[in-house]
file query.cif (mmCIF, N, CA and C atoms)
data_protein
loop_
_atom_site.label_atom_id
_atom_site.label_comp_id
_atom_site.auth_asym_id
_atom_site.auth_seq_id
_atom_site.Cartn_x
_atom_site.Cartn_y
_atom_site.Cartn_z
N MET Q 1 100.50 117.67 180.25
CA MET Q 1 100.33 116.43 179.51
C MET Q 1 99.04 116.50 178.71
N VAL Q 2 99.09 115.80 177.60
CA VAL Q 2 97.92 115.66 176.74
C VAL Q 2 98.10 114.31 176.04
N GLY Q 3 97.00 113.66 175.71
CA GLY Q 3 97.13 112.37 175.06
C GLY Q 3 96.03 112.12 174.06
N GLY Q 4 96.32 111.21 173.13
CA GLY Q 4 95.31 110.84 172.16
C GLY Q 4 95.88 109.99 171.05
N THR Q 5 95.01 109.66 170.10
CA THR Q 5 95.41 108.89 168.94
C THR Q 5 95.81 109.84 167.80
N PHE Q 6 95.13 110.97 167.74
CA PHE Q 6 95.45 112.04 166.78
C PHE Q 6 95.48 111.51 165.34
N ASP Q 7 94.41 110.81 164.96
CA ASP Q 7 94.36 110.25 163.61
C ASP Q 7 92.95 110.26 163.06
N PRO Q 8 92.72 111.02 162.01
CA PRO Q 8 93.62 112.01 161.46
C PRO Q 8 93.69 113.24 162.37
N LEU Q 9 94.79 113.97 162.27
CA LEU Q 9 94.99 115.17 163.08
C LEU Q 9 94.04 116.25 162.56
N HIS Q 10 93.01 116.56 163.36
CA HIS Q 10 91.98 117.50 162.93
C HIS Q 10 91.97 118.76 163.80
N ASP Q 11 91.09 119.70 163.47
CA ASP Q 11 91.07 120.99 164.16
C ASP Q 11 90.79 120.86 165.65
N GLY Q 12 90.04 119.86 166.07
CA GLY Q 12 89.82 119.63 167.50
C GLY Q 12 91.12 119.24 168.19
N HIS Q 13 91.88 118.35 167.58
CA HIS Q 13 93.18 117.95 168.12
C HIS Q 13 94.12 119.16 168.19
N LYS Q 14 94.09 119.96 167.14
CA LYS Q 14 94.98 121.13 167.07
C LYS Q 14 94.66 122.11 168.19
N GLN Q 15 93.38 122.27 168.51
CA GLN Q 15 93.00 123.15 169.62
C GLN Q 15 93.50 122.58 170.95
N LEU Q 16 93.38 121.27 171.12
CA LEU Q 16 93.86 120.59 172.32
C LEU Q 16 95.36 120.80 172.50
N LEU Q 17 96.10 120.62 171.43
CA LEU Q 17 97.55 120.80 171.47
C LEU Q 17 97.92 122.27 171.70
N ALA Q 18 97.23 123.17 171.01
CA ALA Q 18 97.52 124.60 171.19
C ALA Q 18 97.31 125.03 172.64
N ARG Q 19 96.25 124.55 173.25
CA ARG Q 19 95.98 124.88 174.66
C ARG Q 19 97.08 124.32 175.56
N SER Q 20 97.57 123.14 175.25
CA SER Q 20 98.65 122.54 176.03
C SER Q 20 99.90 123.40 175.98
N PHE Q 21 100.27 123.85 174.79
CA PHE Q 21 101.46 124.69 174.65
C PHE Q 21 101.25 126.06 175.29
N GLU Q 22 100.04 126.57 175.19
CA GLU Q 22 99.71 127.86 175.82
C GLU Q 22 99.87 127.77 177.33
N LEU Q 23 99.35 126.72 177.94
CA LEU Q 23 99.45 126.55 179.39
C LEU Q 23 100.89 126.35 179.84
N ALA Q 24 101.67 125.62 179.06
CA ALA Q 24 103.06 125.35 179.44
C ALA Q 24 103.91 126.61 179.36
N GLY Q 25 103.62 127.45 178.39
CA GLY Q 25 104.44 128.64 178.20
C GLY Q 25 105.82 128.27 177.68
N GLU Q 26 106.59 129.28 177.34
CA GLU Q 26 107.91 129.04 176.75
C GLU Q 26 108.87 128.34 177.69
N LYS Q 27 108.68 128.50 179.00
CA LYS Q 27 109.61 127.90 179.96
C LYS Q 27 109.16 126.53 180.46
N GLY Q 28 107.96 126.11 180.07
CA GLY Q 28 107.45 124.82 180.48
C GLY Q 28 107.79 123.73 179.49
N SER Q 29 107.07 122.63 179.60
CA SER Q 29 107.24 121.54 178.64
C SER Q 29 105.90 120.83 178.47
N VAL Q 30 105.75 120.21 177.34
CA VAL Q 30 104.52 119.48 177.01
C VAL Q 30 104.90 118.04 176.71
N VAL Q 31 104.22 117.12 177.37
CA VAL Q 31 104.38 115.69 177.08
C VAL Q 31 103.09 115.26 176.37
N ILE Q 32 103.28 114.72 175.18
CA ILE Q 32 102.15 114.26 174.38
C ILE Q 32 102.18 112.74 174.38
N GLY Q 33 101.16 112.14 174.97
CA GLY Q 33 101.01 110.70 174.92
C GLY Q 33 100.30 110.33 173.64
N LEU Q 34 100.95 109.55 172.80
CA LEU Q 34 100.38 109.13 171.52
C LEU Q 34 100.10 107.63 171.60
N THR Q 35 98.85 107.26 171.39
CA THR Q 35 98.48 105.85 171.54
C THR Q 35 99.34 104.96 170.67
N SER Q 36 99.80 103.86 171.27
CA SER Q 36 100.57 102.87 170.53
C SER Q 36 99.66 102.20 169.51
N ASP Q 37 100.27 101.52 168.55
CA ASP Q 37 99.46 100.81 167.55
C ASP Q 37 98.55 99.79 168.21
N LYS Q 38 99.06 99.07 169.20
CA LYS Q 38 98.25 98.04 169.87
C LYS Q 38 97.06 98.67 170.60
N PHE Q 39 97.30 99.75 171.35
CA PHE Q 39 96.22 100.40 172.09
C PHE Q 39 95.22 101.05 171.13
N ALA Q 40 95.72 101.65 170.06
CA ALA Q 40 94.84 102.33 169.09
C ALA Q 40 94.02 101.33 168.28
N SER Q 41 94.45 100.08 168.22
CA SER Q 41 93.73 99.09 167.42
C SER Q 41 92.33 98.81 167.96
N LYS Q 42 92.03 99.29 169.15
CA LYS Q 42 90.70 99.11 169.74
C LYS Q 42 89.67 100.09 169.17
N LYS Q 43 90.13 101.05 168.37
CA LYS Q 43 89.23 102.03 167.77
C LYS Q 43 88.29 101.35 166.79
N SER Q 44 87.17 102.03 166.52
CA SER Q 44 86.17 101.46 165.61
C SER Q 44 86.46 101.76 164.14
N HIS Q 45 87.53 102.46 163.87
CA HIS Q 45 87.90 102.79 162.49
C HIS Q 45 89.40 102.54 162.30
N PRO Q 46 89.87 102.49 161.05
CA PRO Q 46 91.29 102.24 160.80
C PRO Q 46 92.16 103.34 161.42
N ILE Q 47 93.38 102.97 161.78
CA ILE Q 47 94.34 103.91 162.37
C ILE Q 47 95.65 103.79 161.60
N HIS Q 48 96.24 104.95 161.30
CA HIS Q 48 97.56 104.94 160.67
C HIS Q 48 98.60 104.45 161.69
N PRO Q 49 99.72 103.94 161.22
CA PRO Q 49 100.78 103.47 162.13
C PRO Q 49 101.30 104.59 163.03
N PHE Q 50 101.81 104.18 164.19
CA PHE Q 50 102.35 105.12 165.19
C PHE Q 50 103.31 106.13 164.55
N ALA Q 51 104.25 105.65 163.75
CA ALA Q 51 105.26 106.54 163.16
C ALA Q 51 104.62 107.61 162.27
N THR Q 52 103.59 107.24 161.53
CA THR Q 52 102.89 108.20 160.66
C THR Q 52 102.19 109.25 161.50
N ARG Q 53 101.52 108.82 162.56
CA ARG Q 53 100.81 109.77 163.44
C ARG Q 53 101.80 110.67 164.18
N LYS Q 54 102.93 110.10 164.59
CA LYS Q 54 103.96 110.88 165.28
C LYS Q 54 104.52 111.94 164.33
N ASN Q 55 104.79 111.56 163.09
CA ASN Q 55 105.30 112.51 162.10
C ASN Q 55 104.33 113.67 161.88
N ALA Q 56 103.03 113.36 161.83
CA ALA Q 56 102.02 114.42 161.64
C ALA Q 56 102.01 115.38 162.83
N LEU Q 57 102.12 114.83 164.04
CA LEU Q 57 102.18 115.69 165.24
C LEU Q 57 103.42 116.58 165.20
N GLU Q 58 104.56 115.99 164.90
CA GLU Q 58 105.81 116.75 164.85
C GLU Q 58 105.74 117.86 163.80
N ALA Q 59 105.16 117.56 162.65
CA ALA Q 59 105.03 118.56 161.58
C ALA Q 59 104.14 119.71 162.04
N PHE Q 60 103.03 119.40 162.71
CA PHE Q 60 102.14 120.44 163.21
C PHE Q 60 102.86 121.33 164.23
N ILE Q 61 103.57 120.73 165.16
CA ILE Q 61 104.27 121.49 166.21
C ILE Q 61 105.33 122.40 165.58
N ARG Q 62 106.07 121.88 164.64
CA ARG Q 62 107.09 122.70 163.97
C ARG Q 62 106.45 123.83 163.16
N GLU Q 63 105.35 123.51 162.48
CA GLU Q 63 104.65 124.51 161.68
C GLU Q 63 104.18 125.67 162.55
N LYS Q 64 103.73 125.37 163.76
CA LYS Q 64 103.25 126.41 164.67
C LYS Q 64 104.40 127.19 165.30
N GLY Q 65 105.60 126.63 165.28
CA GLY Q 65 106.76 127.34 165.81
C GLY Q 65 106.79 127.46 167.33
N TYR Q 66 106.18 126.51 168.03
CA TYR Q 66 106.18 126.56 169.49
C TYR Q 66 107.61 126.52 170.02
N GLN Q 67 107.89 127.39 170.99
CA GLN Q 67 109.22 127.46 171.60
C GLN Q 67 109.32 126.58 172.84
N THR Q 68 108.21 126.08 173.30
CA THR Q 68 108.14 125.22 174.48
C THR Q 68 108.82 123.88 174.20
N ARG Q 69 109.51 123.34 175.19
CA ARG Q 69 110.07 122.00 175.05
C ARG Q 69 108.90 121.01 174.97
N TRP Q 70 109.08 119.95 174.22
CA TRP Q 70 108.02 118.96 174.08
C TRP Q 70 108.62 117.60 173.77
N GLU Q 71 107.82 116.59 174.06
CA GLU Q 71 108.20 115.22 173.70
C GLU Q 71 106.94 114.42 173.45
N ILE Q 72 107.09 113.39 172.63
CA ILE Q 72 105.99 112.48 172.34
C ILE Q 72 106.37 111.12 172.89
N GLU Q 73 105.49 110.57 173.74
CA GLU Q 73 105.77 109.25 174.30
C GLU Q 73 104.63 108.29 173.94
N PRO Q 74 104.94 107.01 173.77
CA PRO Q 74 103.90 106.03 173.46
C PRO Q 74 102.92 105.90 174.63
N LEU Q 75 101.67 105.79 174.30
CA LEU Q 75 100.60 105.62 175.28
C LEU Q 75 100.05 104.21 175.09
N ASN Q 76 100.35 103.33 176.04
CA ASN Q 76 99.95 101.93 175.92
C ASN Q 76 98.66 101.60 176.65
N ASP Q 77 98.14 102.57 177.40
CA ASP Q 77 96.87 102.40 178.12
C ASP Q 77 96.26 103.79 178.35
N ARG Q 78 95.16 103.84 179.07
CA ARG Q 78 94.44 105.10 179.28
C ARG Q 78 95.25 106.16 180.03
N TYR Q 79 96.23 105.73 180.81
CA TYR Q 79 96.91 106.66 181.71
C TYR Q 79 98.34 107.00 181.32
N GLY Q 80 99.03 106.11 180.65
CA GLY Q 80 100.42 106.36 180.31
C GLY Q 80 101.24 106.66 181.55
N SER Q 81 102.10 107.64 181.45
CA SER Q 81 102.97 108.01 182.59
C SER Q 81 102.30 108.98 183.55
N ALA Q 82 101.05 109.35 183.29
CA ALA Q 82 100.37 110.39 184.07
C ALA Q 82 100.14 110.02 185.54
N ILE Q 83 100.16 108.75 185.87
CA ILE Q 83 99.94 108.34 187.26
C ILE Q 83 101.16 108.67 188.12
N ASP Q 84 102.35 108.46 187.57
CA ASP Q 84 103.57 108.60 188.36
C ASP Q 84 104.42 109.82 188.03
N ALA Q 85 104.23 110.42 186.87
CA ALA Q 85 105.09 111.52 186.43
C ALA Q 85 104.86 112.78 187.28
N ASP Q 86 105.87 113.62 187.30
CA ASP Q 86 105.78 114.91 187.99
C ASP Q 86 105.43 115.97 186.95
N PHE Q 87 104.18 116.40 186.98
CA PHE Q 87 103.72 117.43 186.04
C PHE Q 87 102.60 118.21 186.70
N ASP Q 88 102.22 119.34 186.09
CA ASP Q 88 101.27 120.26 186.72
C ASP Q 88 99.84 120.16 186.20
N ALA Q 89 99.68 119.86 184.90
CA ALA Q 89 98.34 119.96 184.32
C ALA Q 89 98.15 118.93 183.21
N ILE Q 90 96.91 118.56 183.04
CA ILE Q 90 96.52 117.68 181.94
C ILE Q 90 95.42 118.40 181.16
N VAL Q 91 95.52 118.35 179.84
CA VAL Q 91 94.55 119.02 178.97
C VAL Q 91 93.74 117.94 178.28
N VAL Q 92 92.42 118.07 178.38
CA VAL Q 92 91.51 117.05 177.87
C VAL Q 92 90.35 117.69 177.12
N SER Q 93 89.66 116.87 176.35
CA SER Q 93 88.42 117.29 175.71
C SER Q 93 87.26 116.88 176.61
N GLU Q 94 86.07 117.24 176.21
CA GLU Q 94 84.88 116.85 176.98
C GLU Q 94 84.79 115.33 177.09
N GLU Q 95 85.16 114.64 176.03
CA GLU Q 95 85.00 113.18 176.04
C GLU Q 95 86.07 112.48 176.87
N THR Q 96 87.23 113.11 177.08
CA THR Q 96 88.29 112.46 177.86
C THR Q 96 88.41 113.00 179.29
N LEU Q 97 87.51 113.90 179.67
CA LEU Q 97 87.52 114.42 181.05
C LEU Q 97 87.46 113.31 182.10
N PRO Q 98 86.61 112.28 181.94
CA PRO Q 98 86.56 111.23 182.96
C PRO Q 98 87.91 110.53 183.19
N VAL Q 99 88.71 110.40 182.15
CA VAL Q 99 90.03 109.77 182.30
C VAL Q 99 90.93 110.64 183.17
N ALA Q 100 90.87 111.95 182.98
CA ALA Q 100 91.68 112.86 183.80
C ALA Q 100 91.27 112.78 185.27
N VAL Q 101 89.98 112.66 185.52
CA VAL Q 101 89.49 112.52 186.91
C VAL Q 101 90.03 111.21 187.50
N GLU Q 102 89.99 110.14 186.71
CA GLU Q 102 90.53 108.85 187.16
C GLU Q 102 92.03 108.98 187.46
N ILE Q 103 92.75 109.70 186.62
CA ILE Q 103 94.19 109.89 186.85
C ILE Q 103 94.43 110.54 188.20
N ASN Q 104 93.68 111.58 188.52
CA ASN Q 104 93.86 112.23 189.82
C ASN Q 104 93.50 111.30 190.98
N THR Q 105 92.49 110.48 190.81
CA THR Q 105 92.12 109.51 191.84
C THR Q 105 93.26 108.53 192.07
N LEU Q 106 93.82 108.01 191.00
CA LEU Q 106 94.92 107.06 191.11
C LEU Q 106 96.18 107.73 191.67
N ARG Q 107 96.40 108.97 191.29
CA ARG Q 107 97.55 109.71 191.85
C ARG Q 107 97.39 109.87 193.37
N ARG Q 108 96.18 110.21 193.79
CA ARG Q 108 95.92 110.39 195.22
C ARG Q 108 96.19 109.09 195.99
N GLU Q 109 95.74 107.97 195.41
CA GLU Q 109 95.97 106.66 196.05
C GLU Q 109 97.46 106.36 196.19
N LYS Q 110 98.26 106.88 195.29
CA LYS Q 110 99.71 106.66 195.33
C LYS Q 110 100.44 107.78 196.06
N LYS Q 111 99.67 108.66 196.72
CA LYS Q 111 100.25 109.78 197.47
C LYS Q 111 100.97 110.78 196.56
N ARG Q 112 100.54 110.86 195.30
CA ARG Q 112 101.07 111.84 194.36
C ARG Q 112 100.16 113.06 194.39
N ARG Q 113 100.71 114.20 194.09
CA ARG Q 113 99.88 115.40 194.13
C ARG Q 113 98.91 115.46 192.95
N LYS Q 114 97.78 116.05 193.21
CA LYS Q 114 96.75 116.23 192.20
C LYS Q 114 97.27 117.18 191.11
N VAL Q 115 96.86 116.93 189.88
CA VAL Q 115 97.23 117.83 188.79
C VAL Q 115 95.99 118.62 188.36
N ASP Q 116 96.22 119.81 187.84
CA ASP Q 116 95.11 120.62 187.33
C ASP Q 116 94.57 120.00 186.05
N ILE Q 117 93.25 120.02 185.91
CA ILE Q 117 92.60 119.52 184.71
C ILE Q 117 92.06 120.71 183.93
N HIS Q 118 92.49 120.81 182.68
CA HIS Q 118 92.01 121.88 181.79
C HIS Q 118 91.23 121.22 180.66
N GLN Q 119 89.94 121.52 180.61
CA GLN Q 119 89.08 120.93 179.59
C GLN Q 119 88.80 121.95 178.50
N ILE Q 120 89.03 121.55 177.27
CA ILE Q 120 88.66 122.42 176.15
C ILE Q 120 87.27 122.02 175.67
N THR Q 121 86.63 122.93 175.03
CA THR Q 121 85.34 122.63 174.41
C THR Q 121 85.62 122.01 173.04
N CYS Q 122 84.88 120.99 172.71
CA CYS Q 122 85.07 120.33 171.41
C CYS Q 122 84.81 121.33 170.28
N VAL Q 123 85.59 121.21 169.24
CA VAL Q 123 85.42 122.06 168.07
C VAL Q 123 84.27 121.49 167.24
N LEU Q 124 83.38 122.38 166.82
CA LEU Q 124 82.22 121.93 166.07
C LEU Q 124 82.45 121.99 164.57
N ALA Q 125 81.87 121.04 163.91
CA ALA Q 125 81.91 121.00 162.44
C ALA Q 125 80.87 121.97 161.89
N GLU Q 126 80.87 122.09 160.60
CA GLU Q 126 79.96 122.98 159.89
C GLU Q 126 78.48 122.69 160.24
N ASP Q 127 78.17 121.45 160.54
CA ASP Q 127 76.79 121.07 160.85
C ASP Q 127 76.43 121.24 162.33
N GLY Q 128 77.35 121.80 163.13
CA GLY Q 128 77.07 122.03 164.55
C GLY Q 128 77.36 120.85 165.45
N ARG Q 129 77.74 119.72 164.87
CA ARG Q 129 78.14 118.55 165.66
C ARG Q 129 79.65 118.56 165.80
N ARG Q 130 80.16 117.88 166.81
CA ARG Q 130 81.60 117.97 167.05
C ARG Q 130 82.41 117.24 165.98
N ILE Q 131 83.60 117.79 165.75
CA ILE Q 131 84.55 117.14 164.84
C ILE Q 131 85.09 115.91 165.57
N SER Q 132 85.13 114.79 164.88
CA SER Q 132 85.71 113.59 165.46
C SER Q 132 86.39 112.79 164.36
N SER Q 133 87.37 112.02 164.77
CA SER Q 133 88.07 111.16 163.81
C SER Q 133 87.12 110.17 163.17
N THR Q 134 86.19 109.65 163.96
CA THR Q 134 85.22 108.69 163.42
C THR Q 134 84.41 109.32 162.29
N ARG Q 135 83.95 110.54 162.48
CA ARG Q 135 83.17 111.22 161.44
C ARG Q 135 84.02 111.46 160.19
N ILE Q 136 85.28 111.76 160.40
CA ILE Q 136 86.19 111.98 159.26
C ILE Q 136 86.39 110.67 158.51
N TRP Q 137 86.66 109.59 159.24
CA TRP Q 137 86.86 108.28 158.60
C TRP Q 137 85.61 107.82 157.86
N ARG Q 138 84.43 108.18 158.37
CA ARG Q 138 83.17 107.80 157.70
C ARG Q 138 82.93 108.62 156.43
N GLY Q 139 83.71 109.69 156.26
CA GLY Q 139 83.55 110.54 155.08
C GLY Q 139 82.47 111.59 155.23
N GLU Q 140 82.03 111.86 156.48
CA GLU Q 140 81.00 112.88 156.72
C GLU Q 140 81.58 114.30 156.64
N ILE Q 141 82.80 114.47 157.20
CA ILE Q 141 83.43 115.78 157.29
C ILE Q 141 84.92 115.64 156.98
N ASP Q 142 85.56 116.80 156.74
CA ASP Q 142 87.02 116.77 156.58
C ASP Q 142 87.67 117.19 157.91
N VAL Q 143 88.98 117.30 157.94
CA VAL Q 143 89.71 117.59 159.17
C VAL Q 143 89.42 118.98 159.74
N ARG Q 144 88.83 119.85 158.94
CA ARG Q 144 88.45 121.18 159.42
C ARG Q 144 87.00 121.24 159.87
N GLY Q 145 86.25 120.16 159.60
CA GLY Q 145 84.85 120.12 159.99
C GLY Q 145 83.89 120.51 158.89
N SER Q 146 84.41 120.69 157.68
CA SER Q 146 83.54 121.01 156.55
C SER Q 146 82.83 119.74 156.10
N LEU Q 147 81.55 119.89 155.79
CA LEU Q 147 80.78 118.74 155.31
C LEU Q 147 81.28 118.30 153.95
N ILE Q 148 81.35 117.00 153.77
CA ILE Q 148 81.73 116.44 152.48
C ILE Q 148 80.45 116.13 151.73
N ARG Q 149 80.30 116.76 150.62
CA ARG Q 149 79.06 116.63 149.86
C ARG Q 149 79.23 115.74 148.67
#
call {"tool": "encode", "arguments": {"input": "query.cif", "output": "structure tokens"}}
result
Amino acid sequence: MVGGTFDPLHDGHKQLLARSFELAGEKGSVVIGLTSDKFASKKSHPIHPFATRKNALEAFIREKGYQTRWEIEPLNDRYGSAIDADFDAIVVSEETLPVAVEINTLRREKKRRKVDIHQITCVLAEDGRRISSTRIWRGEIDVRGSLIR
């Protein structure tokens, strides 16, 4: 499992998704939780509609040619289906690691088995700071992390 708003879909998101497909392998499956419009509205910057973000994710996955089964499900809160679903691993960034730890705590309380947490390192922009959607929306960097001059 992996989750996020993915808006705009930038190189950090792409690394997160690539790691998810790598871990799943061709015989596994990847569930991508995509924040609903209501949940994403809490962000500090504008967000494209769910359908637009979903289309961008689907286009990226097809472009990469992943053979792994995958699905995109709406994420209406921090946890989505991760508390109750039967899955092996969750892939997170440095900033979302605490949510994965909370998921395992809640799973334990419900007598569900713990899932492996795989944390990727944030992708850095040209200036050495991490790529983030907020920085892109502010016009500081583009989706690859290049400075906008």
call {"tool": "residues_around", "arguments": {"input": "query.cif", "residues": "Lys111 in chain Q", "least_positions_apart": "4", "cutoff": "12 Å", "atoms": "only C-alpha atoms", "output": "list in words"}}
result
Ile83, Asp84, Asn104, Thr105, Leu106 and Arg107 of chain Q
call {"tool": "resolve_selection", "arguments": {"input": "query.cif", "expression": "the PyMOL selection byres ((chain Q and resi 28-45) around 5)", "output": "PyMOL selection string"}}
result
chain Q and resi 1-5+24-27+46-47+69-76
call {"tool": "closest_residue", "arguments": {"input": "query.cif", "among": "Q:Glu63, Q:Glu22, Q:Gly145, Q:Ile117", "to": "Arg129 in chain Q", "atoms": "all atoms listed in the file"}}
result
Q:Gly145
call {"tool": "residues_around", "arguments": {"input": "query.cif", "residues": "range 13-18 of chain Q", "least_positions_apart": "4", "cutoff": "7 Å", "atoms": "only N, CA and C atoms", "output": "number ranges by chain"}}
result
Q: 6, 9, 22-23, 91-93, 120
call {"tool": "atom_distance", "arguments": {"input": "query.cif", "atom1": "CA of Glu126 in chain Q", "atom2": "CA of Leu97 in chain Q"}}
result
24.0 Å
call {"tool": "atom_distance", "arguments": {"input": "query.cif", "atom1": "CA of Ser81 in chain Q", "atom2": "CA of His118 in chain Q"}}
result
17.7 Å
